[in-house]
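Below is one structure; the comments refer to it alone.
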Amino acid sequence: SSDVCSSDLRRHSGMKKSSFFYILILSFALIFSCTNVTNTDVVTQGKKTLAIPTFNTDDTKVEYGTIIKFSYSPSDANLYYTTDGTEPDLSSKDSIFYDPSRGIELKESCTIKARLYHSNYNSSPVVEKKFSVYIAEPTISPDSAEITTTDEITLSHKMFGAKIYYTTDGSEPTEDLDEYEKPFALAAGTYTIKAIAVRGGVKSKIVEHIYTVID
C-alpha cells in the first residue's frame, strides 16, 4: 500500500513538473512570437529615419549674400526649408524646395529650419539655425589725418550694389542724407566724415575718419 502511494506521489509530482515546464515553454514561445510580430511590423510597415542634414557653416553671423548649403545622405533625398521659423512640411506652401546647386542666399536675418524627405525613409528630424546678416563697413580714404584742399576723399565698399551714405559734419548718416557717388574735395578746415553702407535694407556699422584740410 505504501509503495502504491509513493508511486502515485512520484507520478503526481512528475505531472506538476511537466506542467510547469510546459507552461514555461509556452510562455517563452508566446513572448518570442509577439516579439517577432512587432519586429516584422517595423520592417514591413515602418522605414528607417533619415539622418539630420547639416549646415555648411557653424557661423550664425554672416555677411549679406552668404550662400548657405546643406550636407545630407542619400544624395537623392529632397530637402525642404523655411526662413520664417515655421516647421518645414511637404504639405505647406511656405516650405521651400532646396536646390543643392544654388543653396540659400541670405539677404536678411532669419531662422532657417530644414527637413529631409525620401520615399524610402521616414523624414528626418528638423534642423534649425538662426542667422544674423550684416554688411561690412565702407572704407574711407586716404588714411592720413591731414590732407590738402586738392586731395579727394574716396568712399568705397567691396560689395557690388551696396550704397554708401555719408556726412561731413560728424552727424549720423542715414538713407535720407547724401548718397556717395564720386570722390570729393573739401575746403580748409576740420571734418569728421561718417559713412554707412546699405544693401537690401541691411545697414553696416558707421565708420568715421577725422580730416584736417589745409590749403
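The way I read the labels, and the way they are meant: chains A, B, ... in the order of the C-alpha cells, residue 1 as the first residue of every chain, and ligand 1 as the first ligand shown, with later ones counted on from there.
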
field: All residues 10 Å or closer to Thr139 of chain A, only C-alpha atoms, same chain fewer than 3 positions away omitted, as number ranges by chain
entry: A: 136, 142-143, 154-158, 164, 195-197, 207-209

Using only C-alpha atoms, I'd like a table of the residues in segment 82-102 of chain A that come within 12 Å of segment 45-68 of chain A; for each, show the closest atom pair and its distance in Å rounded to one decimal, ordered by chain and ascending number, as CSV.
```
residue,atom,partner,partner_atom,distance
A:Thr83,CA,A:Ile68,CA,11.9
A:Tyr98,CA,A:Ile68,CA,10.5
A:Asp99,CA,A:Ile68,CA,10.9
A:Pro100,CA,A:Ile68,CA,9.8
A:Ser101,CA,A:Ile67,CA,10.7
A:Arg102,CA,A:Ile67,CA,8.0
```

Kindly export the residues of the current selection with N, CA, C and O atoms, as a short mmCIF file (atom, residue, chain, number, x, y, z; two decimals), in the first residue's frame.
```cif
data_model
loop_
_atom_site.label_atom_id
_atom_site.label_comp_id
_atom_site.auth_asym_id
_atom_site.auth_seq_id
_atom_site.Cartn_x
_atom_site.Cartn_y
_atom_site.Cartn_z
N THR A 83 12.22 79.96 -43.82
CA THR A 83 13.08 81.02 -43.29
C THR A 83 12.32 81.92 -42.32
O THR A 83 12.85 82.94 -41.86
N TYR A 98 14.78 72.90 -51.57
CA TYR A 98 16.19 73.28 -51.57
C TYR A 98 16.88 72.78 -52.84
O TYR A 98 16.83 71.59 -53.16
N ASP A 99 17.51 73.69 -53.55
CA ASP A 99 18.27 73.36 -54.76
C ASP A 99 19.74 73.29 -54.39
O ASP A 99 20.37 74.33 -54.12
N PRO A 100 20.35 72.10 -54.35
CA PRO A 100 21.75 71.96 -53.94
C PRO A 100 22.72 72.75 -54.81
O PRO A 100 23.79 73.14 -54.35
N SER A 101 22.38 72.99 -56.06
CA SER A 101 23.28 73.70 -56.96
C SER A 101 23.30 75.21 -56.69
O SER A 101 24.23 75.92 -57.09
N ARG A 102 22.28 75.71 -56.00
CA ARG A 102 22.19 77.14 -55.75
C ARG A 102 22.34 77.50 -54.28
O ARG A 102 22.84 78.57 -53.94
#
```

task: Name all residues at most 9 Å from Tyr166 of chain A (count only C-alpha atoms; drop same-chain ones fewer than 4 positions away) and give them as an MDAnalysis selection string.
output: chainID A and resid 155 171:175 177:180 193:197

task: Could you jot down the atom CA of Thr150 of chain A to atom CA of Leu186 of chain A separation for me, Å, one decimal place?
output: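 We find that atom CA of Thr150 of chain A and atom CA of Leu186 of chain A lie 7.9 Å from each other.
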
- prompt: Near Ile153 of chain A, counting only C-alpha atoms, which residues have an atom at most 6 Å away, once you skip same-chain residues fewer than 2 positions from it, shown as a count of residues only?
  reply: 3

message: Taking only C-alpha atoms into account, name the residue in A:Thr86, A:Tyr191, A:Phe160, A:Ala77 that is nearest to Asn122 of chain A.
response: A:Ala77

field: From A:Val127, A:Ala145, A:Val133, A:Ile206, residue lying nearest Glu105 of chain A [only C-alpha atoms]
entry: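 For Glu105 of chain A, the nearest of the given residues is A:Val133.
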
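Across A:Asp176, A:Thr168, A:Cys110, A:Lys182, the tightest approach to Ile210 of chain A is made by A:Thr168 when counting only C-alpha atoms.
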
task: Using backbone DSSP assignments, extract all strand (DSSP E or B) residues from segment 39-172 of chain A; output them as a PyMOL selection string.
output: chain A and resi 49+54-55+61-63+67-68+70-71+78-82+84+96-97+104-105+110-117+122+127-134+139-141+146-148+153-156+163-167+169
